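Visitor: Sharing a structure below in structure tokens format, with a few things to ask.
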Amino acid sequence: MNRNAEYEQLMLELEALAVPNSVERAMRRERRNRCLVRSLTSIAAAFALFVIMVNCSTTVAYACSRVPGLRELAAAVTFSRSLSDAVDNEYVQPVNLSETNGDITVKVEHLIVDQRNVTVFYRFLSEKYPRLEADPRVLAADGGASLPCTYGPNEWDVPNGELRSTTIGFVNEDVPPALRLQLKLRDMEAEEKAPRPVNADVWADSPQTEFSYVAEFEFLLEFDPYFTAQGKHFAGGQRFTLDSQTLYVESVDVYPSYLNLTIRGDETNTAWLESLKFYLVTDHGERFNKVTNGIVSVKNSEDPGTISFRADSTFFYDAYAVTICMTGAEWLDKGAETIHVDLKHAKADFMPEGAEFVSAKREGSRWVVTVLQESSAAQVFMQDYYDVAGNRYEYHSWTSGASSDHGVTAPEGYSYCSFPLNDYPYDEVWLTPRYTSRWTADAPVEATVPLQ
Amino acid sequence: MRLEWKEFAERAEVAKPRLYRTAVLYLGSEAAAEEALDEALYKGLHACRKLRQPEYFDTWLTRILLNVCADEKKRARQFLNLDELPEPSTEVFDALPLREAVRRLPRELKSVVILRYFSGYTLKEVAEIMDIPQGTAATRQRRALELLRLELGEEETE
């Protein structure tokens, strides 16, 4: 090929390139910087403080310039719109921790931290173990007690060498200045090849599995105070009615990693709000959906009338107001927190809407209960159940299928769900329903909350 | 403010493909080009109110991009011992594929040839972007074509 033909070919290749979405990213980055500057101007010595922050905090200065590895990080956070927005806005604390133990090296490279959440990004490097998974544990910075938080890996089956992440969430308290992340590594290939014990009793509560770990790592994660301070609280107070029940927006908390919407039911309501279908729309018309994986809602253990729901965050969008658009709900009638079931006659006093009691079969020392419920819904009964004296029990296994024990096929969209009441000698039980009734809106019910 | 941003976004959207192609050729990789384009658009957005004559938007933004690309090359050079060939000769460039040969041209020649023949700017615009006399741009263009052994029109099209 001569040079001019090569030129023509190169022009064609260049014209075929997919052009990146850089304009939108630039707008977001500029918006984020304006937000930062605006919030700082509310402090008397705003300018001085900003200069001090940038000069004294290496991570802030770094974030204000460039964070290396953002492209790979962006690919690793596609499971969360909030984290994707955080990466797009370079809201990342770079760290550079590495530890080698035998044939394995673990590198911790980035953190996305705010007032309530930490997402740790790390990778495993090993030639000996092709597939590794970690059991994480979160400890106080001094290495002592476990911290009161939720945590878990965000993905499975990540090839060695690629970035993976674990999110650590603090529900009732703020992220501490530092913590220790312990990672116990399992050799998944060896575990899959190992012979499995044959368990004839499918309903038996199996003892806690003890894995044989191939290596253990521990990292002290210290958070930049700039990041752990990020989160804005907005008081609500807006009153609205869903399905004849009166509710109030208690508050909206906007963190970079998620938005927390807290709703309180009126004391005169006849039911507790258990779940909510909703989305949010900002004053600029940008839409945000509720979170559907990880922690999606948190019920106040001291006040069952108050419940929080999580949504994708508006943190990086410079919104002055957000409208909550509610399209459906699940309710738990007050006084119906447990359902009495006559096991002997396979009869429940009542059942949650959309579910049917099918059978209760005595199998030795246990009962096996089967219900018919919608396939797409979560289980209609929680894992705890009670005897006549109010003693609490839990079941730990269940099955779900399209056919019943008697070979009857479930209607379209429904499945049979069975669970055991192990070592349960009684003929009646009180099961705890997740909800009792449902409501779907003809048109979204809206409540607008100012974010300023 | 929002109107200015909106206008910037609209104009940048139109200019973006050409800017991206320029960065890809200048830096030799799509990943590096994307980062450079991100940075250039951010800098442009940040400074767009300072642009007094909107009719120069394209050349102004291209100049920002070239500066970002040059900074990136400087930064990369600290880590890698390869880049523009120090004393270019036609024989050396003959041995390289065109894309690589363009990337390895000396900076002044490379900018001219990329802007002129791959990004589609006129010689007058190239001179404006690079802030050099048009005659100098023409000389560099000729030298670059010689090195690359490309036979493309050298005359001004406008």
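Ordering of the structure tokens sets the chain letters (A, B, ...), residue numbers begin anew at 1 in every chain, and ligands are numbered from 1 in the order given.
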When the cut-off is 6 Å and we count only C-alpha atoms, which residues of chain B are near chain A, given as a PDB file with N, CA and C atoms, in the first residue's frame?
Guide:
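Below is the file that was written, part.pdb:
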```pdb
ATOM      1  N   PRO B  17     -16.040  15.424  17.381  1.00  0.00           N
ATOM      2  CA  PRO B  17     -15.412  14.364  16.559  1.00  0.00           C
ATOM      3  C   PRO B  17     -14.061  14.788  15.994  1.00  0.00           C
ATOM      4  N   ASP B  38     -11.374  15.065  27.393  1.00  0.00           N
ATOM      5  CA  ASP B  38     -12.082  15.394  28.649  1.00  0.00           C
ATOM      6  C   ASP B  38     -11.474  16.656  29.270  1.00  0.00           C
ATOM      7  N   LEU B  41     -12.007  19.890  27.147  1.00  0.00           N
ATOM      8  CA  LEU B  41     -13.376  20.417  27.202  1.00  0.00           C
ATOM      9  C   LEU B  41     -13.659  21.020  28.575  1.00  0.00           C
ATOM     10  N   TYR B  42     -13.119  20.393  29.599  1.00  0.00           N
ATOM     11  CA  TYR B  42     -13.312  20.956  30.941  1.00  0.00           C
ATOM     12  C   TYR B  42     -12.642  22.330  31.028  1.00  0.00           C
ATOM     13  N   LEU B 150       4.002  11.989   1.570  1.00  0.00           N
ATOM     14  CA  LEU B 150       2.581  12.090   1.222  1.00  0.00           C
ATOM     15  C   LEU B 150       2.426  13.097   0.100  1.00  0.00           C
TER      16      LEU B 150
END
```
Visitor: As a list in words, please: the residues near Glu100 (chain B) (cut-off 9 Å, only C-alpha atoms, same-chain neighbours under 4 positions excluded).
Guide: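 These residues fall inside the cut-off: Leu25, Gly28, Phe93, Leu96, Arg104 and Leu105 of chain B.
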Visitor: Residues of the last selection are to be written out with N, CA and C atoms, as an mmCIF file, in the first residue's frame.
Guide:
```
data_model
loop_
_atom_site.group_PDB
_atom_site.id
_atom_site.type_symbol
_atom_site.label_atom_id
_atom_site.label_comp_id
_atom_site.auth_asym_id
_atom_site.auth_seq_id
_atom_site.Cartn_x
_atom_site.Cartn_y
_atom_site.Cartn_z
ATOM 1 N N LEU B 25 -4.584 11.025 16.869
ATOM 2 C CA LEU B 25 -3.369 11.034 16.074
ATOM 3 C C LEU B 25 -2.200 11.616 16.844
ATOM 4 N N GLY B 28 -1.636 8.983 19.842
ATOM 5 C CA GLY B 28 -1.404 7.607 19.406
ATOM 6 C C GLY B 28 -2.260 6.567 20.095
ATOM 7 N N PHE B 93 11.176 7.631 8.482
ATOM 8 C CA PHE B 93 9.713 7.685 8.468
ATOM 9 C C PHE B 93 9.118 6.707 7.471
ATOM 10 N N LEU B 96 7.999 3.385 8.841
ATOM 11 C CA LEU B 96 6.899 3.344 9.807
ATOM 12 C C LEU B 96 5.541 3.402 9.127
ATOM 13 N N ARG B 104 5.244 10.392 15.319
ATOM 14 C CA ARG B 104 6.641 10.610 15.676
ATOM 15 C C ARG B 104 7.260 11.845 15.029
ATOM 16 N N LEU B 105 6.471 12.581 14.272
ATOM 17 C CA LEU B 105 7.002 13.827 13.709
ATOM 18 C C LEU B 105 7.342 14.794 14.833
#
```
Visitor: Which one of B:Lys43, B:Glu7, B:Arg103, B:Thr122 sits closest to Ala23 (chain B) if you count only C-alpha atoms?
Guide: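 Nearest to Ala23 (chain B): B:Arg103.
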Visitor: With DSSP run on the backbone, what are the alpha helix (DSSP H) residues within chain B? I'd like them as a PDB file with C-alpha atoms, in the first residue's frame.
Guide:
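Ended up saving to result26.pdb:
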```
ATOM      1  CA  ARG B   2     -26.613  28.400  32.010  1.00  0.00           C
ATOM      2  CA  LEU B   3     -27.107  29.860  28.540  1.00  0.00           C
ATOM      3  CA  GLU B   4     -23.366  30.198  28.088  1.00  0.00           C
ATOM      4  CA  TRP B   5     -22.872  26.611  29.191  1.00  0.00           C
ATOM      5  CA  LYS B   6     -25.619  25.485  26.880  1.00  0.00           C
ATOM      6  CA  GLU B   7     -24.030  27.284  23.969  1.00  0.00           C
ATOM      7  CA  PHE B   8     -20.636  25.860  24.840  1.00  0.00           C
ATOM      8  CA  ALA B   9     -22.120  22.358  25.042  1.00  0.00           C
ATOM      9  CA  GLU B  10     -23.846  22.715  21.670  1.00  0.00           C
ATOM     10  CA  ARG B  11     -20.742  23.994  19.918  1.00  0.00           C
ATOM     11  CA  ALA B  12     -18.464  21.483  21.649  1.00  0.00           C
ATOM     12  CA  GLU B  13     -20.738  18.619  20.603  1.00  0.00           C
ATOM     13  CA  VAL B  14     -20.283  19.660  16.966  1.00  0.00           C
ATOM     14  CA  ALA B  15     -16.517  20.118  17.314  1.00  0.00           C
ATOM     15  CA  LYS B  16     -15.982  16.961  19.345  1.00  0.00           C
ATOM     16  CA  PRO B  17     -15.412  14.364  16.559  1.00  0.00           C
ATOM     17  CA  ARG B  18     -12.758  16.497  14.925  1.00  0.00           C
ATOM     18  CA  LEU B  19     -11.093  17.224  18.267  1.00  0.00           C
ATOM     19  CA  TYR B  20     -11.069  13.548  19.167  1.00  0.00           C
ATOM     20  CA  ARG B  21      -9.484  12.540  15.855  1.00  0.00           C
ATOM     21  CA  THR B  22      -6.834  15.201  16.392  1.00  0.00           C
ATOM     22  CA  ALA B  23      -6.039  13.873  19.855  1.00  0.00           C
ATOM     23  CA  VAL B  24      -5.968  10.239  18.705  1.00  0.00           C
ATOM     24  CA  LEU B  25      -3.369  11.034  16.074  1.00  0.00           C
ATOM     25  CA  TYR B  26      -1.392  13.330  18.314  1.00  0.00           C
ATOM     26  CA  LEU B  27      -1.198  10.920  21.255  1.00  0.00           C
ATOM     27  CA  GLU B  30      -7.738   6.268  22.001  1.00  0.00           C
ATOM     28  CA  ALA B  31      -7.585   6.057  25.794  1.00  0.00           C
ATOM     29  CA  ALA B  32      -5.073   8.901  26.054  1.00  0.00           C
ATOM     30  CA  ALA B  33      -7.066  10.883  23.493  1.00  0.00           C
ATOM     31  CA  GLU B  34     -10.255  10.495  25.502  1.00  0.00           C
ATOM     32  CA  GLU B  35      -8.562  11.767  28.633  1.00  0.00           C
ATOM     33  CA  ALA B  36      -7.062  14.689  26.725  1.00  0.00           C
ATOM     34  CA  LEU B  37     -10.446  15.543  25.213  1.00  0.00           C
ATOM     35  CA  ASP B  38     -12.082  15.394  28.649  1.00  0.00           C
ATOM     36  CA  GLU B  39      -9.464  17.737  30.039  1.00  0.00           C
ATOM     37  CA  ALA B  40      -9.584  20.142  27.097  1.00  0.00           C
ATOM     38  CA  LEU B  41     -13.376  20.417  27.202  1.00  0.00           C
ATOM     39  CA  TYR B  42     -13.312  20.956  30.941  1.00  0.00           C
ATOM     40  CA  LYS B  43     -10.707  23.697  30.566  1.00  0.00           C
ATOM     41  CA  GLY B  44     -12.688  25.201  27.716  1.00  0.00           C
ATOM     42  CA  LEU B  45     -15.917  25.159  29.696  1.00  0.00           C
ATOM     43  CA  HIS B  46     -14.174  26.717  32.652  1.00  0.00           C
ATOM     44  CA  ALA B  47     -12.812  29.527  30.505  1.00  0.00           C
ATOM     45  CA  PHE B  57     -14.621  28.921  19.096  1.00  0.00           C
ATOM     46  CA  ASP B  58     -13.256  25.985  17.051  1.00  0.00           C
ATOM     47  CA  THR B  59      -9.715  27.268  16.714  1.00  0.00           C
ATOM     48  CA  TRP B  60      -9.685  28.406  20.359  1.00  0.00           C
ATOM     49  CA  LEU B  61     -10.818  24.992  21.631  1.00  0.00           C
ATOM     50  CA  THR B  62      -8.394  23.176  19.307  1.00  0.00           C
ATOM     51  CA  ARG B  63      -5.539  25.243  20.693  1.00  0.00           C
ATOM     52  CA  ILE B  64      -6.552  24.223  24.217  1.00  0.00           C
ATOM     53  CA  LEU B  65      -6.610  20.587  23.107  1.00  0.00           C
ATOM     54  CA  LEU B  66      -3.153  20.796  21.528  1.00  0.00           C
ATOM     55  CA  ASN B  67      -1.768  22.319  24.722  1.00  0.00           C
ATOM     56  CA  VAL B  68      -3.312  19.508  26.770  1.00  0.00           C
ATOM     57  CA  CYS B  69      -1.885  16.927  24.359  1.00  0.00           C
ATOM     58  CA  ALA B  70       1.552  18.558  24.561  1.00  0.00           C
ATOM     59  CA  ASP B  71       1.399  18.497  28.371  1.00  0.00           C
ATOM     60  CA  GLU B  72       0.426  14.857  28.256  1.00  0.00           C
ATOM     61  CA  LYS B  73       3.356  14.059  25.960  1.00  0.00           C
ATOM     62  CA  LYS B  74       5.706  15.866  28.311  1.00  0.00           C
ATOM     63  CA  ARG B  75       4.325  13.926  31.242  1.00  0.00           C
ATOM     64  CA  ALA B  76       4.576  10.608  29.379  1.00  0.00           C
ATOM     65  CA  ARG B  77       8.117  11.356  28.283  1.00  0.00           C
ATOM     66  CA  THR B  90      12.711  10.532   5.264  1.00  0.00           C
ATOM     67  CA  GLU B  91      14.217   7.049   5.389  1.00  0.00           C
ATOM     68  CA  VAL B  92      13.337   6.640   9.037  1.00  0.00           C
ATOM     69  CA  PHE B  93       9.713   7.685   8.468  1.00  0.00           C
ATOM     70  CA  ASP B  94       9.407   5.447   5.400  1.00  0.00           C
ATOM     71  CA  LEU B  98       1.618   6.338   8.432  1.00  0.00           C
ATOM     72  CA  ARG B  99      -0.162   6.626  11.742  1.00  0.00           C
ATOM     73  CA  GLU B 100       3.031   5.953  13.678  1.00  0.00           C
ATOM     74  CA  ALA B 101       5.087   8.171  11.401  1.00  0.00           C
ATOM     75  CA  VAL B 102       2.704  11.094  12.018  1.00  0.00           C
ATOM     76  CA  ARG B 103       2.861  10.524  15.743  1.00  0.00           C
ATOM     77  CA  ARG B 107       5.818  18.588  17.473  1.00  0.00           C
ATOM     78  CA  GLU B 108       5.645  21.663  15.205  1.00  0.00           C
ATOM     79  CA  LEU B 109       5.365  19.581  12.049  1.00  0.00           C
ATOM     80  CA  LYS B 110       3.010  17.075  13.596  1.00  0.00           C
ATOM     81  CA  SER B 111       0.515  19.693  14.722  1.00  0.00           C
ATOM     82  CA  VAL B 112       0.415  21.249  11.276  1.00  0.00           C
ATOM     83  CA  VAL B 113      -0.046  17.995   9.392  1.00  0.00           C
ATOM     84  CA  LEU B 123      -3.927  26.627   6.380  1.00  0.00           C
ATOM     85  CA  LYS B 124      -5.174  29.997   7.702  1.00  0.00           C
ATOM     86  CA  GLU B 125      -6.956  28.260  10.581  1.00  0.00           C
ATOM     87  CA  VAL B 126      -3.903  26.125  11.319  1.00  0.00           C
ATOM     88  CA  ALA B 127      -1.846  29.293  11.563  1.00  0.00           C
ATOM     89  CA  GLU B 128      -4.418  30.818  13.919  1.00  0.00           C
ATOM     90  CA  ILE B 129      -4.560  27.742  16.127  1.00  0.00           C
ATOM     91  CA  MET B 130      -0.795  27.557  16.377  1.00  0.00           C
ATOM     92  CA  GLN B 134       0.651  31.533   7.619  1.00  0.00           C
ATOM     93  CA  GLY B 135       3.935  31.324   5.702  1.00  0.00           C
ATOM     94  CA  THR B 136       5.533  29.429   8.567  1.00  0.00           C
ATOM     95  CA  ALA B 137       2.584  27.058   8.641  1.00  0.00           C
ATOM     96  CA  ALA B 138       2.983  26.460   4.890  1.00  0.00           C
ATOM     97  CA  THR B 139       6.708  25.721   5.285  1.00  0.00           C
ATOM     98  CA  ARG B 140       6.060  23.244   8.079  1.00  0.00           C
ATOM     99  CA  GLN B 141       3.302  21.630   6.089  1.00  0.00           C
ATOM    100  CA  ARG B 142       5.607  21.089   3.134  1.00  0.00           C
ATOM    101  CA  ARG B 143       8.387  19.669   5.305  1.00  0.00           C
ATOM    102  CA  ALA B 144       5.968  17.295   7.039  1.00  0.00           C
ATOM    103  CA  LEU B 145       4.589  16.002   3.739  1.00  0.00           C
ATOM    104  CA  GLU B 146       8.129  15.420   2.492  1.00  0.00           C
ATOM    105  CA  LEU B 147       9.036  13.411   5.547  1.00  0.00           C
ATOM    106  CA  LEU B 148       5.889  11.346   5.317  1.00  0.00           C
TER     107      LEU B 148
END
```
Visitor: So which residues touch Pro444 (chain A) within 10 Å, counting only C-alpha atoms, skipping near sequence neighbours fewer than 5 positions away, as a PyMOL selection string?
Guide: chain A and resi 242+277-279+324-328
Visitor: Using only C-alpha atoms, which residues sit within 10 Å of Val175 (chain A) once same-chain residues fewer than 5 positions away are excluded, as a PyMOL selection string?
Guide: chain A and resi 113-118+149+168-170+223+227-229
Visitor: For those residues, write N, CA and C atoms to a file as an mmCIF file, in the first residue's frame.
Guide:
```cif
data_model
loop_
_atom_site.group_PDB
_atom_site.id
_atom_site.type_symbol
_atom_site.label_atom_id
_atom_site.label_comp_id
_atom_site.auth_asym_id
_atom_site.auth_seq_id
_atom_site.Cartn_x
_atom_site.Cartn_y
_atom_site.Cartn_z
ATOM 1 N N VAL A 113 -15.408 7.405 49.386
ATOM 2 C CA VAL A 113 -15.836 7.531 50.783
ATOM 3 C C VAL A 113 -16.741 8.733 50.926
ATOM 4 N N ASP A 114 -17.772 8.591 51.735
ATOM 5 C CA ASP A 114 -18.536 9.767 52.161
ATOM 6 C C ASP A 114 -18.900 9.583 53.629
ATOM 7 N N GLN A 115 -19.899 10.345 54.081
ATOM 8 C CA GLN A 115 -20.234 10.299 55.506
ATOM 9 C C GLN A 115 -20.704 8.917 55.958
ATOM 10 N N ARG A 116 -21.340 8.134 55.078
ATOM 11 C CA ARG A 116 -21.961 6.885 55.498
ATOM 12 C C ARG A 116 -21.460 5.627 54.788
ATOM 13 N N ASN A 117 -20.712 5.780 53.738
ATOM 14 C CA ASN A 117 -20.352 4.620 52.917
ATOM 15 C C ASN A 117 -18.882 4.653 52.515
ATOM 16 N N VAL A 118 -18.289 3.479 52.419
ATOM 17 C CA VAL A 118 -16.934 3.363 51.885
ATOM 18 C C VAL A 118 -16.971 2.261 50.828
ATOM 19 N N CYS A 149 -21.384 -2.299 60.991
ATOM 20 C CA CYS A 149 -21.606 -1.863 59.606
ATOM 21 C C CYS A 149 -21.972 -3.073 58.758
ATOM 22 N N ILE A 168 -18.724 -0.872 52.241
ATOM 23 C CA ILE A 168 -18.922 -0.924 53.692
ATOM 24 C C ILE A 168 -19.890 0.199 54.037
ATOM 25 N N GLY A 169 -21.026 -0.155 54.626
ATOM 26 C CA GLY A 169 -22.062 0.851 54.907
ATOM 27 C C GLY A 169 -22.299 1.022 56.391
ATOM 28 N N PHE A 170 -22.422 2.257 56.809
ATOM 29 C CA PHE A 170 -22.736 2.572 58.200
ATOM 30 C C PHE A 170 -24.141 3.165 58.227
ATOM 31 N N PHE A 223 -9.126 7.605 56.076
ATOM 32 C CA PHE A 223 -9.945 8.396 55.167
ATOM 33 C C PHE A 223 -9.635 9.878 55.304
ATOM 34 N N PHE A 227 -13.467 13.875 52.482
ATOM 35 C CA PHE A 227 -14.434 12.936 51.923
ATOM 36 C C PHE A 227 -15.452 12.470 52.965
ATOM 37 N N THR A 228 -14.978 12.175 54.179
ATOM 38 C CA THR A 228 -15.917 11.648 55.188
ATOM 39 C C THR A 228 -16.892 12.730 55.663
ATOM 40 N N ALA A 229 -16.644 13.976 55.294
ATOM 41 C CA ALA A 229 -17.581 15.052 55.675
ATOM 42 C C ALA A 229 -18.680 15.226 54.640
#
```
Visitor: Report, in Å with one decimal, the straight-line distance from CA of Asp442 (chain A) to CA of Asn300 (chain A).
Guide: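 CA of Asn300 (chain A) lies 29.1 Å from CA of Asp442 (chain A).
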Visitor: Applying 6 Å and only C-alpha atoms, which residues near region 91-107 of chain A remain after dropping the ones on its own chain fewer than 5 positions away? List them as a ChimeraX atom specification.
Guide: /A:86,112,122-126
Visitor: Could you take the residues named above and write them with N, CA and C atoms, as a CSV table (one decimal), in the first residue's frame?
Guide:
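Contents of out.csv, as written:
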```
chain,number,residue,atom,x,y,z
A,86,ALA,N,-19.8,9.5,40.8
A,86,ALA,CA,-18.6,9.9,41.7
A,86,ALA,C,-17.3,9.8,40.9
A,112,ILE,N,-13.9,5.2,47.5
A,112,ILE,CA,-14.9,6.3,47.3
A,112,ILE,C,-15.6,6.3,48.7
A,122,TYR,N,-9.9,-2.9,44.9
A,122,TYR,CA,-8.6,-3.6,45.1
A,122,TYR,C,-8.5,-4.7,44.0
A,123,ARG,N,-7.4,-5.3,43.9
A,123,ARG,CA,-7.2,-6.4,43.0
A,123,ARG,C,-6.3,-7.4,43.6
A,124,PHE,N,-6.5,-8.7,43.1
A,124,PHE,CA,-5.6,-9.8,43.5
A,124,PHE,C,-4.7,-10.1,42.4
A,125,LEU,N,-3.4,-10.4,42.7
A,125,LEU,CA,-2.5,-10.8,41.7
A,125,LEU,C,-1.9,-12.2,42.2
A,126,SER,N,-2.0,-13.2,41.4
A,126,SER,CA,-1.5,-14.5,41.7
A,126,SER,C,-1.3,-15.4,40.5
```
Visitor: May I ask which of the residues A:Glu191, A:Glu155, A:Glu162, A:Glu446 is the closest one to Ser80 (chain A), counting only C-alpha atoms?
Guide: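 Closest residue, counting only C-alpha atoms: A:Glu155.
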Visitor: What's around His340 (chain A) at 7 Å? Count only C-alpha atoms, leave out sequence neighbours fewer than 5 positions away in its own chain, and write the answer as a list of chain:residue names.
Guide: A:Ala348, A:Asp349, A:Val429, A:Trp430, A:Leu431
Visitor: Limited to C-alpha atoms, could you put the picked residues into a file as an mmCIF file, in the first residue's frame?
Guide:
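The new file selection.cif reads:
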```cif
data_model
loop_
_atom_site.group_PDB
_atom_site.id
_atom_site.type_symbol
_atom_site.label_atom_id
_atom_site.label_comp_id
_atom_site.auth_asym_id
_atom_site.auth_seq_id
_atom_site.Cartn_x
_atom_site.Cartn_y
_atom_site.Cartn_z
ATOM 1 C CA ALA A 348 -53.902 -19.757 57.751
ATOM 2 C CA ASP A 349 -56.131 -17.128 59.389
ATOM 3 C CA VAL A 429 -47.445 -21.367 64.446
ATOM 4 C CA TRP A 430 -47.360 -17.575 64.037
ATOM 5 C CA LEU A 431 -45.560 -16.583 60.818
#
```
